[in-house]
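File shown here: input.pdb, holding PDB, C-alpha atoms and all ligand atoms.
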```pdb
ATOM      1  CA  MET C   1      13.531 -72.498 -29.172  1.00  0.00           C
ATOM      2  CA  ILE C   2      10.833 -70.630 -31.103  1.00  0.00           C
ATOM      3  CA  THR C   3      11.981 -68.574 -34.111  1.00  0.00           C
ATOM      4  CA  VAL C   4      10.069 -65.493 -35.237  1.00  0.00           C
ATOM      5  CA  TRP C   5      10.674 -63.994 -38.661  1.00  0.00           C
ATOM      6  CA  GLY C   6       9.731 -60.333 -38.878  1.00  0.00           C
ATOM      7  CA  ARG C   7      10.913 -56.766 -38.379  1.00  0.00           C
ATOM      8  CA  ARG C   8      10.176 -55.267 -34.967  1.00  0.00           C
ATOM      9  CA  ASN C   9       8.220 -52.288 -36.268  1.00  0.00           C
ATOM     10  CA  SER C  10       5.484 -54.487 -37.760  1.00  0.00           C
ATOM     11  CA  VAL C  11       2.349 -54.419 -35.616  1.00  0.00           C
ATOM     12  CA  ASN C  12       1.589 -58.032 -36.473  1.00  0.00           C
ATOM     13  CA  VAL C  13       5.092 -59.085 -35.422  1.00  0.00           C
ATOM     14  CA  GLN C  14       4.716 -57.050 -32.226  1.00  0.00           C
ATOM     15  CA  LYS C  15       1.553 -58.950 -31.294  1.00  0.00           C
ATOM     16  CA  VAL C  16       3.470 -62.227 -31.494  1.00  0.00           C
ATOM     17  CA  LEU C  17       6.476 -60.886 -29.559  1.00  0.00           C
ATOM     18  CA  TRP C  18       4.190 -59.509 -26.854  1.00  0.00           C
ATOM     19  CA  ALA C  19       2.456 -62.883 -26.473  1.00  0.00           C
ATOM     20  CA  LEU C  20       5.817 -64.667 -26.252  1.00  0.00           C
ATOM     21  CA  GLU C  21       6.910 -62.219 -23.544  1.00  0.00           C
ATOM     22  CA  GLU C  22       3.669 -62.693 -21.580  1.00  0.00           C
ATOM     23  CA  LEU C  23       4.082 -66.473 -21.839  1.00  0.00           C
ATOM     24  CA  GLU C  24       7.757 -66.167 -20.821  1.00  0.00           C
ATOM     25  CA  LEU C  25       8.811 -68.341 -23.745  1.00  0.00           C
ATOM     26  CA  PRO C  26      12.384 -68.090 -25.054  1.00  0.00           C
ATOM     27  CA  TYR C  27      12.593 -67.075 -28.717  1.00  0.00           C
ATOM     28  CA  ARG C  28      14.939 -65.738 -31.338  1.00  0.00           C
ATOM     29  CA  ARG C  29      13.970 -63.269 -34.040  1.00  0.00           C
ATOM     30  CA  GLU C  30      15.195 -62.807 -37.608  1.00  0.00           C
ATOM     31  CA  ASN C  31      14.824 -59.415 -39.275  1.00  0.00           C
ATOM     32  CA  VAL C  32      12.712 -59.932 -42.396  1.00  0.00           C
ATOM     33  CA  GLY C  33      10.442 -57.589 -44.350  1.00  0.00           C
ATOM     34  CA  GLY C  34      10.492 -53.865 -45.069  1.00  0.00           C
ATOM     35  CA  SER C  35      14.003 -52.568 -45.721  1.00  0.00           C
ATOM     36  CA  TYR C  36      15.477 -55.875 -44.504  1.00  0.00           C
ATOM     37  CA  GLY C  37      13.807 -57.747 -47.399  1.00  0.00           C
ATOM     38  CA  GLY C  38      14.097 -61.518 -47.499  1.00  0.00           C
ATOM     39  CA  ASN C  39      10.353 -62.051 -47.595  1.00  0.00           C
ATOM     40  CA  ARG C  40      10.298 -62.778 -51.329  1.00  0.00           C
ATOM     41  CA  ASP C  41      13.175 -65.317 -51.100  1.00  0.00           C
ATOM     42  CA  ALA C  42      12.298 -68.902 -51.961  1.00  0.00           C
ATOM     43  CA  ASP C  43      13.140 -70.104 -48.436  1.00  0.00           C
ATOM     44  CA  PHE C  44      10.775 -67.582 -46.902  1.00  0.00           C
ATOM     45  CA  LEU C  45       8.000 -68.163 -49.452  1.00  0.00           C
ATOM     46  CA  ALA C  46       8.184 -71.862 -48.611  1.00  0.00           C
ATOM     47  CA  MET C  47       7.164 -70.884 -45.064  1.00  0.00           C
ATOM     48  CA  ASN C  48       4.655 -68.206 -46.066  1.00  0.00           C
ATOM     49  CA  PRO C  49       3.614 -68.080 -49.718  1.00  0.00           C
ATOM     50  CA  MET C  50       2.089 -64.643 -49.021  1.00  0.00           C
ATOM     51  CA  GLY C  51       5.588 -63.249 -48.414  1.00  0.00           C
ATOM     52  CA  LEU C  52       4.424 -61.492 -45.238  1.00  0.00           C
ATOM     53  CA  VAL C  53       5.645 -61.360 -41.633  1.00  0.00           C
ATOM     54  CA  PRO C  54       5.279 -62.693 -39.001  1.00  0.00           C
ATOM     55  CA  VAL C  55       6.153 -66.347 -39.475  1.00  0.00           C
ATOM     56  CA  ILE C  56       7.093 -68.602 -36.575  1.00  0.00           C
ATOM     57  CA  ARG C  57       8.723 -71.999 -36.264  1.00  0.00           C
ATOM     58  CA  ASP C  58       8.215 -74.045 -33.123  1.00  0.00           C
ATOM     59  CA  GLY C  59       9.495 -77.592 -33.586  1.00  0.00           C
ATOM     60  CA  ASP C  60       7.383 -79.207 -36.273  1.00  0.00           C
ATOM     61  CA  VAL C  61       5.050 -76.198 -36.514  1.00  0.00           C
ATOM     62  CA  THR C  62       5.855 -73.514 -39.099  1.00  0.00           C
ATOM     63  CA  MET C  63       3.030 -71.038 -39.554  1.00  0.00           C
ATOM     64  CA  PHE C  64       1.933 -67.559 -40.605  1.00  0.00           C
ATOM     65  CA  GLU C  65      -1.021 -65.202 -39.802  1.00  0.00           C
ATOM     66  CA  SER C  66      -0.428 -63.350 -36.546  1.00  0.00           C
ATOM     67  CA  ASN C  67      -3.778 -64.043 -34.880  1.00  0.00           C
ATOM     68  CA  ALA C  68      -3.565 -67.752 -35.718  1.00  0.00           C
ATOM     69  CA  ILE C  69      -0.027 -67.773 -34.277  1.00  0.00           C
ATOM     70  CA  LEU C  70      -1.352 -66.215 -31.063  1.00  0.00           C
ATOM     71  CA  ARG C  71      -4.154 -68.784 -30.835  1.00  0.00           C
ATOM     72  CA  TYR C  72      -1.624 -71.582 -31.306  1.00  0.00           C
ATOM     73  CA  LEU C  73       0.827 -70.229 -28.706  1.00  0.00           C
ATOM     74  CA  CYS C  74      -1.741 -69.569 -26.025  1.00  0.00           C
ATOM     75  CA  ALA C  75      -3.464 -72.917 -26.544  1.00  0.00           C
ATOM     76  CA  ARG C  76      -0.184 -74.817 -26.353  1.00  0.00           C
ATOM     77  CA  TYR C  77       1.686 -72.977 -23.594  1.00  0.00           C
ATOM     78  CA  ARG C  78       0.832 -72.032 -20.026  1.00  0.00           C
ATOM     79  CA  ALA C  79      -2.820 -72.926 -20.346  1.00  0.00           C
ATOM     80  CA  GLY C  80      -5.127 -70.288 -18.933  1.00  0.00           C
ATOM     81  CA  VAL C  81      -2.547 -67.468 -18.933  1.00  0.00           C
ATOM     82  CA  LEU C  82      -3.546 -65.891 -22.254  1.00  0.00           C
ATOM     83  CA  ARG C  83      -6.304 -68.259 -23.378  1.00  0.00           C
ATOM     84  CA  PRO C  84      -9.302 -68.044 -21.032  1.00  0.00           C
ATOM     85  CA  ALA C  85     -10.274 -71.352 -19.458  1.00  0.00           C
ATOM     86  CA  ASP C  86     -14.033 -70.729 -19.236  1.00  0.00           C
ATOM     87  CA  HIS C  87     -16.174 -70.886 -22.345  1.00  0.00           C
ATOM     88  CA  TRP C  88     -17.704 -67.407 -22.107  1.00  0.00           C
ATOM     89  CA  SER C  89     -14.390 -65.576 -21.704  1.00  0.00           C
ATOM     90  CA  LEU C  90     -12.837 -67.633 -24.495  1.00  0.00           C
ATOM     91  CA  ALA C  91     -15.746 -66.763 -26.775  1.00  0.00           C
ATOM     92  CA  MET C  92     -15.323 -63.049 -26.017  1.00  0.00           C
ATOM     93  CA  ALA C  93     -11.545 -63.169 -26.588  1.00  0.00           C
ATOM     94  CA  GLU C  94     -12.130 -64.888 -29.927  1.00  0.00           C
ATOM     95  CA  GLN C  95     -14.827 -62.413 -30.906  1.00  0.00           C
ATOM     96  CA  TRP C  96     -12.586 -59.394 -30.327  1.00  0.00           C
ATOM     97  CA  MET C  97      -9.644 -61.046 -32.077  1.00  0.00           C
ATOM     98  CA  GLU C  98     -11.736 -61.526 -35.164  1.00  0.00           C
ATOM     99  CA  TRP C  99     -13.096 -58.000 -34.919  1.00  0.00           C
ATOM    100  CA  GLN C 100      -9.591 -56.593 -34.550  1.00  0.00           C
ATOM    101  CA  GLN C 101      -8.612 -58.161 -37.894  1.00  0.00           C
ATOM    102  CA  GLN C 102     -11.848 -57.550 -39.783  1.00  0.00           C
ATOM    103  CA  ALA C 103     -12.988 -54.132 -38.529  1.00  0.00           C
ATOM    104  CA  PHE C 104     -10.307 -52.252 -36.595  1.00  0.00           C
ATOM    105  CA  ALA C 105      -7.151 -53.191 -38.548  1.00  0.00           C
ATOM    106  CA  PRO C 106      -8.390 -52.129 -42.020  1.00  0.00           C
ATOM    107  CA  ALA C 107      -9.384 -48.695 -40.660  1.00  0.00           C
ATOM    108  CA  VAL C 108      -6.059 -48.173 -38.882  1.00  0.00           C
ATOM    109  CA  THR C 109      -4.096 -49.366 -41.906  1.00  0.00           C
ATOM    110  CA  GLN C 110      -5.868 -46.935 -44.214  1.00  0.00           C
ATOM    111  CA  VAL C 111      -4.972 -43.996 -41.983  1.00  0.00           C
ATOM    112  CA  PHE C 112      -1.474 -45.201 -41.094  1.00  0.00           C
ATOM    113  CA  MET C 113      -0.340 -45.979 -44.648  1.00  0.00           C
ATOM    114  CA  ASN C 114      -1.365 -42.488 -45.784  1.00  0.00           C
ATOM    115  CA  MET C 115      -0.286 -40.452 -42.768  1.00  0.00           C
ATOM    116  CA  VAL C 116       2.997 -42.199 -41.881  1.00  0.00           C
ATOM    117  CA  ARG C 117       4.055 -44.550 -44.667  1.00  0.00           C
ATOM    118  CA  SER C 118       3.535 -42.044 -47.537  1.00  0.00           C
ATOM    119  CA  LEU C 119       5.176 -38.764 -48.451  1.00  0.00           C
ATOM    120  CA  PRO C 120       2.763 -35.870 -47.709  1.00  0.00           C
ATOM    121  CA  GLU C 121       2.423 -35.137 -51.450  1.00  0.00           C
ATOM    122  CA  ASN C 122       1.243 -38.717 -52.071  1.00  0.00           C
ATOM    123  CA  ARG C 123      -1.271 -38.725 -49.227  1.00  0.00           C
ATOM    124  CA  ASN C 124      -4.850 -39.602 -50.183  1.00  0.00           C
ATOM    125  CA  SER C 125      -6.884 -37.321 -47.932  1.00  0.00           C
ATOM    126  CA  GLU C 126     -10.183 -38.989 -48.825  1.00  0.00           C
ATOM    127  CA  ALA C 127      -8.783 -42.342 -47.718  1.00  0.00           C
ATOM    128  CA  VAL C 128      -7.523 -40.739 -44.487  1.00  0.00           C
ATOM    129  CA  ALA C 129     -10.970 -39.275 -43.756  1.00  0.00           C
ATOM    130  CA  ALA C 130     -12.748 -42.571 -44.488  1.00  0.00           C
ATOM    131  CA  GLY C 131     -10.259 -44.567 -42.389  1.00  0.00           C
ATOM    132  CA  GLN C 132     -10.489 -42.042 -39.560  1.00  0.00           C
ATOM    133  CA  GLN C 133     -14.280 -42.326 -39.510  1.00  0.00           C
ATOM    134  CA  ALA C 134     -14.162 -46.129 -39.514  1.00  0.00           C
ATOM    135  CA  ALA C 135     -11.499 -46.094 -36.775  1.00  0.00           C
ATOM    136  CA  ALA C 136     -13.575 -43.647 -34.684  1.00  0.00           C
ATOM    137  CA  GLU C 137     -16.539 -45.988 -34.917  1.00  0.00           C
ATOM    138  CA  ALA C 138     -14.334 -48.921 -33.887  1.00  0.00           C
ATOM    139  CA  LEU C 139     -12.899 -46.976 -30.934  1.00  0.00           C
ATOM    140  CA  ARG C 140     -16.426 -46.145 -29.714  1.00  0.00           C
ATOM    141  CA  ILE C 141     -17.473 -49.802 -29.997  1.00  0.00           C
ATOM    142  CA  ALA C 142     -14.423 -50.905 -27.982  1.00  0.00           C
ATOM    143  CA  ASP C 143     -15.064 -48.125 -25.446  1.00  0.00           C
ATOM    144  CA  ALA C 144     -18.661 -49.261 -24.923  1.00  0.00           C
ATOM    145  CA  TRP C 145     -17.490 -52.816 -24.239  1.00  0.00           C
ATOM    146  CA  LEU C 146     -14.855 -51.656 -21.785  1.00  0.00           C
ATOM    147  CA  ALA C 147     -17.449 -49.567 -19.933  1.00  0.00           C
ATOM    148  CA  ARG C 148     -18.995 -52.928 -18.979  1.00  0.00           C
ATOM    149  CA  TYR C 149     -15.902 -55.114 -18.509  1.00  0.00           C
ATOM    150  CA  PRO C 150     -12.302 -54.378 -17.552  1.00  0.00           C
ATOM    151  CA  TRP C 151     -10.814 -56.559 -20.334  1.00  0.00           C
ATOM    152  CA  PHE C 152     -11.800 -57.739 -23.800  1.00  0.00           C
ATOM    153  CA  ALA C 153     -12.375 -61.289 -22.534  1.00  0.00           C
ATOM    154  CA  GLY C 154     -14.402 -59.874 -19.631  1.00  0.00           C
ATOM    155  CA  HIS C 155     -12.749 -60.313 -16.273  1.00  0.00           C
ATOM    156  CA  ALA C 156      -9.073 -61.032 -16.972  1.00  0.00           C
ATOM    157  CA  PHE C 157      -6.278 -60.049 -19.355  1.00  0.00           C
ATOM    158  CA  SER C 158      -6.105 -62.366 -22.390  1.00  0.00           C
ATOM    159  CA  VAL C 159      -4.951 -62.775 -25.968  1.00  0.00           C
ATOM    160  CA  GLY C 160      -7.871 -60.500 -26.961  1.00  0.00           C
ATOM    161  CA  ASP C 161      -6.165 -57.588 -25.218  1.00  0.00           C
ATOM    162  CA  ILE C 162      -2.894 -58.282 -27.017  1.00  0.00           C
ATOM    163  CA  VAL C 163      -4.289 -57.903 -30.523  1.00  0.00           C
ATOM    164  CA  MET C 164      -6.244 -54.778 -29.574  1.00  0.00           C
ATOM    165  CA  GLY C 165      -3.455 -53.193 -27.528  1.00  0.00           C
ATOM    166  CA  ALA C 166      -0.747 -53.439 -30.167  1.00  0.00           C
ATOM    167  CA  LEU C 167      -2.970 -51.944 -32.838  1.00  0.00           C
ATOM    168  CA  LEU C 168      -4.333 -49.188 -30.591  1.00  0.00           C
ATOM    169  CA  TRP C 169      -0.791 -48.213 -29.633  1.00  0.00           C
ATOM    170  CA  ARG C 170      -0.046 -47.752 -33.311  1.00  0.00           C
ATOM    171  CA  TYR C 171      -3.188 -45.734 -33.970  1.00  0.00           C
ATOM    172  CA  MET C 172      -2.756 -43.466 -30.943  1.00  0.00           C
ATOM    173  CA  GLY C 173       0.647 -42.491 -32.347  1.00  0.00           C
ATOM    174  CA  VAL C 174      -0.854 -41.175 -35.602  1.00  0.00           C
ATOM    175  CA  ASP C 175      -1.552 -37.461 -35.661  1.00  0.00           C
ATOM    176  CA  VAL C 176      -5.287 -37.518 -36.438  1.00  0.00           C
ATOM    177  CA  GLU C 177      -8.290 -36.546 -34.340  1.00  0.00           C
ATOM    178  CA  LYS C 178      -9.826 -39.321 -32.253  1.00  0.00           C
ATOM    179  CA  PRO C 179     -13.087 -39.441 -30.308  1.00  0.00           C
ATOM    180  CA  GLU C 180     -13.241 -39.289 -26.507  1.00  0.00           C
ATOM    181  CA  THR C 181     -13.144 -42.884 -25.263  1.00  0.00           C
ATOM    182  CA  PRO C 182     -12.566 -42.765 -21.474  1.00  0.00           C
ATOM    183  CA  ASP C 183     -13.062 -46.467 -20.766  1.00  0.00           C
ATOM    184  CA  LEU C 184     -10.864 -47.530 -23.648  1.00  0.00           C
ATOM    185  CA  MET C 185      -8.191 -45.112 -22.393  1.00  0.00           C
ATOM    186  CA  ARG C 186      -8.404 -46.506 -18.845  1.00  0.00           C
ATOM    187  CA  TRP C 187      -7.797 -49.984 -20.305  1.00  0.00           C
ATOM    188  CA  PHE C 188      -5.015 -48.635 -22.526  1.00  0.00           C
ATOM    189  CA  GLU C 189      -3.223 -47.200 -19.492  1.00  0.00           C
ATOM    190  CA  ALA C 190      -3.368 -50.589 -17.782  1.00  0.00           C
ATOM    191  CA  ILE C 191      -1.911 -52.188 -20.914  1.00  0.00           C
ATOM    192  CA  GLN C 192       0.990 -49.734 -20.899  1.00  0.00           C
ATOM    193  CA  ARG C 193       1.918 -50.771 -17.351  1.00  0.00           C
ATOM    194  CA  ARG C 194       2.640 -54.353 -18.479  1.00  0.00           C
ATOM    195  CA  ASP C 195       6.337 -55.180 -18.777  1.00  0.00           C
ATOM    196  CA  ALA C 196       5.752 -57.519 -21.714  1.00  0.00           C
ATOM    197  CA  PHE C 197       3.992 -54.738 -23.657  1.00  0.00           C
ATOM    198  CA  ARG C 198       6.798 -52.324 -22.886  1.00  0.00           C
ATOM    199  CA  ARG C 199       9.444 -54.759 -24.106  1.00  0.00           C
ATOM    200  CA  ALA C 200       7.678 -55.972 -27.255  1.00  0.00           C
ATOM    201  CA  VAL C 201       5.741 -52.904 -28.395  1.00  0.00           C
ATOM    202  CA  MET C 202       6.622 -49.664 -26.616  1.00  0.00           C
ATOM    203  CA  ALA C 203      10.362 -50.247 -26.993  1.00  0.00           C
ATOM    204  CA  VAL C 204      10.045 -49.459 -30.705  1.00  0.00           C
ATOM    205  CA  PRO C 205       9.436 -45.717 -31.134  1.00  0.00           C
ATOM    206  CA  ARG C 206       6.420 -44.715 -33.228  1.00  0.00           C
ATOM    207  CA  ALA C 207       7.129 -42.869 -36.451  1.00  0.00           C
ATOM    208  CA  ARG C 208       5.207 -39.787 -37.575  1.00  0.00           C
ATOM    209  CA  SER C 209       6.669 -39.606 -41.095  1.00  0.00           C
ATOM    210  CA  LEU C 210       8.137 -41.889 -43.737  1.00  0.00           C
ATOM    211  CA  ALA C 211      11.683 -40.683 -43.013  1.00  0.00           C
ATOM    212  CA  GLU C 212      11.241 -41.403 -39.303  1.00  0.00           C
ATOM    213  CA  TRP C 213       9.735 -44.790 -40.136  1.00  0.00           C
ATOM    214  CA  LYS C 214      12.806 -45.792 -42.152  1.00  0.00           C
ATOM    215  CA  ARG C 215      15.205 -44.543 -39.488  1.00  0.00           C
ATOM    216  CA  ILE C 216      13.386 -46.352 -36.671  1.00  0.00           C
ATOM    217  CA  GLU C 217      13.254 -49.549 -38.723  1.00  0.00           C
ATOM    218  CA  ARG C 218      17.046 -49.464 -39.131  1.00  0.00           C
ATOM    219  CA  GLU C 219      17.635 -48.580 -35.482  1.00  0.00           C
ATOM    220  CA  SER C 220      15.296 -51.215 -34.040  1.00  0.00           C
ATOM    221  CA  ALA C 221      17.123 -54.119 -35.712  1.00  0.00           C
TER     222      ALA C 221
HETATM  223  N1  LIG C 301      -2.917 -60.991 -41.851  1.00  0.00           N
HETATM  224  C1  LIG C 301      -1.482 -61.036 -41.724  1.00  0.00           C
HETATM  225  C2  LIG C 301      -0.914 -59.728 -42.254  1.00  0.00           C
HETATM  226  C3  LIG C 301       0.596 -59.766 -42.338  1.00  0.00           C
HETATM  227  C4  LIG C 301       1.148 -58.467 -42.885  1.00  0.00           C
HETATM  228  O1  LIG C 301       0.443 -57.674 -43.544  1.00  0.00           O
HETATM  229  N2  LIG C 301       2.429 -58.227 -42.616  1.00  0.00           N
HETATM  230  C5  LIG C 301       3.092 -57.016 -43.069  1.00  0.00           C
HETATM  231  C6  LIG C 301       3.740 -56.314 -41.897  1.00  0.00           C
HETATM  232  S1  LIG C 301       2.564 -55.853 -40.643  1.00  0.00           S
HETATM  233  C7  LIG C 301       4.191 -57.394 -44.055  1.00  0.00           C
HETATM  234  O2  LIG C 301       4.720 -58.487 -44.035  1.00  0.00           O
HETATM  235  N3  LIG C 301       4.547 -56.449 -44.956  1.00  0.00           N
HETATM  236  C8  LIG C 301       5.591 -56.649 -45.921  1.00  0.00           C
HETATM  237  C9  LIG C 301       6.947 -56.308 -45.383  1.00  0.00           C
HETATM  238  O3  LIG C 301       7.127 -56.115 -44.159  1.00  0.00           O
HETATM  239  O4  LIG C 301       7.876 -56.225 -46.188  1.00  0.00           O
HETATM  240  C10 LIG C 301      -1.096 -61.272 -40.252  1.00  0.00           C
HETATM  241  O5  LIG C 301      -1.879 -60.870 -39.381  1.00  0.00           O
HETATM  242  O6  LIG C 301      -0.033 -61.859 -39.974  1.00  0.00           O
END
```

Please go through the file and, once you have read it, give me the structure as structure tokens.
Amino acid sequence: MITVWGRRNSVNVQKVLWALEELELPYRRENVGGSYGGNRDADFLAMNPMGLVPVIRDGDVTMFESNAILRYLCARYRAGVLRPADHWSLAMAEQWMEWQQQAFAPAVTQVFMNMVRSLPENRNSEAVAAGQQAAAEALRIADAWLARYPWFAGHAFSVGDIVMGALLWRYMGVDVEKPETPDLMRWFEAIQRRDAFRRAVMAVPRARSLAEWKRIERESA
């Protein structure tokens, strides 16, 4: 059985759990990171020298980096379910996965860490404004794509939608202004109707403050 190390309120852990649910693979999860700690222990560092979650073990494969984990899982299991079979759709899924990590995630993180993971008195409002602007640009780019295609890989749900959906869910829960993105929102509604998304991502309430974050982390063990 696959083991996942990582707390449930981590967006990168949620991406992996969502993929496992979509692939209907049995797994067990160990709470590591945040208030659970354990990620600086020698045993954990031997699996991920970065000391970050998620990490998975699947037989002889032990690995870190959420998007690489997703690529591995969807290439190995239930071919064609999350990893598109045709070359164009696969290329598009890969493109948006990379973009999620390089463009969208840094913007969301900048806003989220200041708005939710900091006390209001420690908030860096310049960083919030810069992150918000970068996130708005990313949301418009995603919206323009989804005006042309129903999914990030084009014509069917794929691993590209998983990485974008988990992160967008997080960002939509942060109390900052966002641009109008009707096509992105239509896609986002379809995502929220998926059972696997509900189980892996929506089941963990979104925090709006540091105190709420800590409480939810404890309660979502
Ligand atoms: N690029 C890595 C980032 C991993 C990462 O930043 N993980 C965060 C949680 S989302 C973490 O482990 N933080 C330390 C902690 O939880 O204690 C990935 O996608 O897996």

Evaluating the PyMOL selection byres (((chain C and resi 200-210) around 7) and not hetatm) on the displayed file yields which residues, as a PyMOL selection string?
-> chain C and resi 9+14+17-18+116-119+166+173-174+196-199+211-214+216+220

Grab me every residue within 10 Å of ligand LIG 301 (chain C), counting all atoms listed in the file, and send it over as number ranges by chain.
-> C: 5-16, 31-40, 48, 50-55, 63-70, 101-102, 105, 109, 163

Same residues, C-alpha atoms, output as a PDB file, in the frame of the given file:
```pdb
ATOM      1  CA  TRP C   5      10.674 -63.994 -38.661  1.00  0.00           C
ATOM      2  CA  GLY C   6       9.731 -60.333 -38.878  1.00  0.00           C
ATOM      3  CA  ARG C   7      10.913 -56.766 -38.379  1.00  0.00           C
ATOM      4  CA  ARG C   8      10.176 -55.267 -34.967  1.00  0.00           C
ATOM      5  CA  ASN C   9       8.220 -52.288 -36.268  1.00  0.00           C
ATOM      6  CA  SER C  10       5.484 -54.487 -37.760  1.00  0.00           C
ATOM      7  CA  VAL C  11       2.349 -54.419 -35.616  1.00  0.00           C
ATOM      8  CA  ASN C  12       1.589 -58.032 -36.473  1.00  0.00           C
ATOM      9  CA  VAL C  13       5.092 -59.085 -35.422  1.00  0.00           C
ATOM     10  CA  GLN C  14       4.716 -57.050 -32.226  1.00  0.00           C
ATOM     11  CA  LYS C  15       1.553 -58.950 -31.294  1.00  0.00           C
ATOM     12  CA  VAL C  16       3.470 -62.227 -31.494  1.00  0.00           C
ATOM     13  CA  ASN C  31      14.824 -59.415 -39.275  1.00  0.00           C
ATOM     14  CA  VAL C  32      12.712 -59.932 -42.396  1.00  0.00           C
ATOM     15  CA  GLY C  33      10.442 -57.589 -44.350  1.00  0.00           C
ATOM     16  CA  GLY C  34      10.492 -53.865 -45.069  1.00  0.00           C
ATOM     17  CA  SER C  35      14.003 -52.568 -45.721  1.00  0.00           C
ATOM     18  CA  TYR C  36      15.477 -55.875 -44.504  1.00  0.00           C
ATOM     19  CA  GLY C  37      13.807 -57.747 -47.399  1.00  0.00           C
ATOM     20  CA  GLY C  38      14.097 -61.518 -47.499  1.00  0.00           C
ATOM     21  CA  ASN C  39      10.353 -62.051 -47.595  1.00  0.00           C
ATOM     22  CA  ARG C  40      10.298 -62.778 -51.329  1.00  0.00           C
ATOM     23  CA  ASN C  48       4.655 -68.206 -46.066  1.00  0.00           C
ATOM     24  CA  MET C  50       2.089 -64.643 -49.021  1.00  0.00           C
ATOM     25  CA  GLY C  51       5.588 -63.249 -48.414  1.00  0.00           C
ATOM     26  CA  LEU C  52       4.424 -61.492 -45.238  1.00  0.00           C
ATOM     27  CA  VAL C  53       5.645 -61.360 -41.633  1.00  0.00           C
ATOM     28  CA  PRO C  54       5.279 -62.693 -39.001  1.00  0.00           C
ATOM     29  CA  VAL C  55       6.153 -66.347 -39.475  1.00  0.00           C
ATOM     30  CA  MET C  63       3.030 -71.038 -39.554  1.00  0.00           C
ATOM     31  CA  PHE C  64       1.933 -67.559 -40.605  1.00  0.00           C
ATOM     32  CA  GLU C  65      -1.021 -65.202 -39.802  1.00  0.00           C
ATOM     33  CA  SER C  66      -0.428 -63.350 -36.546  1.00  0.00           C
ATOM     34  CA  ASN C  67      -3.778 -64.043 -34.880  1.00  0.00           C
ATOM     35  CA  ALA C  68      -3.565 -67.752 -35.718  1.00  0.00           C
ATOM     36  CA  ILE C  69      -0.027 -67.773 -34.277  1.00  0.00           C
ATOM     37  CA  LEU C  70      -1.352 -66.215 -31.063  1.00  0.00           C
ATOM     38  CA  GLN C 101      -8.612 -58.161 -37.894  1.00  0.00           C
ATOM     39  CA  GLN C 102     -11.848 -57.550 -39.783  1.00  0.00           C
ATOM     40  CA  ALA C 105      -7.151 -53.191 -38.548  1.00  0.00           C
ATOM     41  CA  THR C 109      -4.096 -49.366 -41.906  1.00  0.00           C
ATOM     42  CA  VAL C 163      -4.289 -57.903 -30.523  1.00  0.00           C
TER      43      VAL C 163
END
```

Tell me, as a ChimeraX atom specification, which residues lie within 10 Å of range 73-76 of chain C, counting all atoms listed in the file; anything in the same chain fewer than 2 positions away does not count.
-> /C:16,19-20,22-23,25,58,67-71,78-85,158-159

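Interatomic distance, CA of Arg170 in chain C against CA of Arg28 in chain C: 23.5 Å.
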
Axis-aligned box over every listed atom of range 135-152 of chain C, padded by 4 Å per side: centre and edges in Å to one decimal, as lines of an AutoDock Vina configuration file?
```
center_x = -14.9
center_y = -50.7
center_z = -27.2
size_x = 16.2
size_y = 22.1
size_z = 27.2
```

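Interatomic distance, CA of Met97 in chain C to CA of Leu167 in chain C: 11.3 Å.
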
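Pairwise distance (CA of Met185 in chain C, CA of Ala136 in chain C) equals 13.5 Å.
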
Expand the PyMOL selection byres (((chain C and resi 107) around 7) and not hetatm) into the individual residues it matches in the shown file, reporting them as a ChimeraX atom specification.
-> /C:103-106,108-111,131-132,134-135

C:Ala42, C:Ala156, C:Val128, C:Leu146: which is nearest Leu90 in chain C, counting all atoms listed in the file?
-> C:Ala156

Give as a PyMOL selection string the residues that the PyMOL selection byres (((chain C and resi 179) around 12) and not hetatm) matches when applied to the coordinates above.
-> chain C and resi 132-143+172+176-178+180-185

Taking only C-alpha atoms into account, which of C:Arg57, C:Asp86, C:Glu126, C:Ile191 comes nearest Tyr72 in chain C?
-> C:Arg57

Which residues come within 6 Å of Ile56 in chain C, counting all atoms listed in the file, excluding same-chain residues fewer than 2 positions away, as a list in words?
-> Thr3, Val4, Thr62 and Met63 of chain C
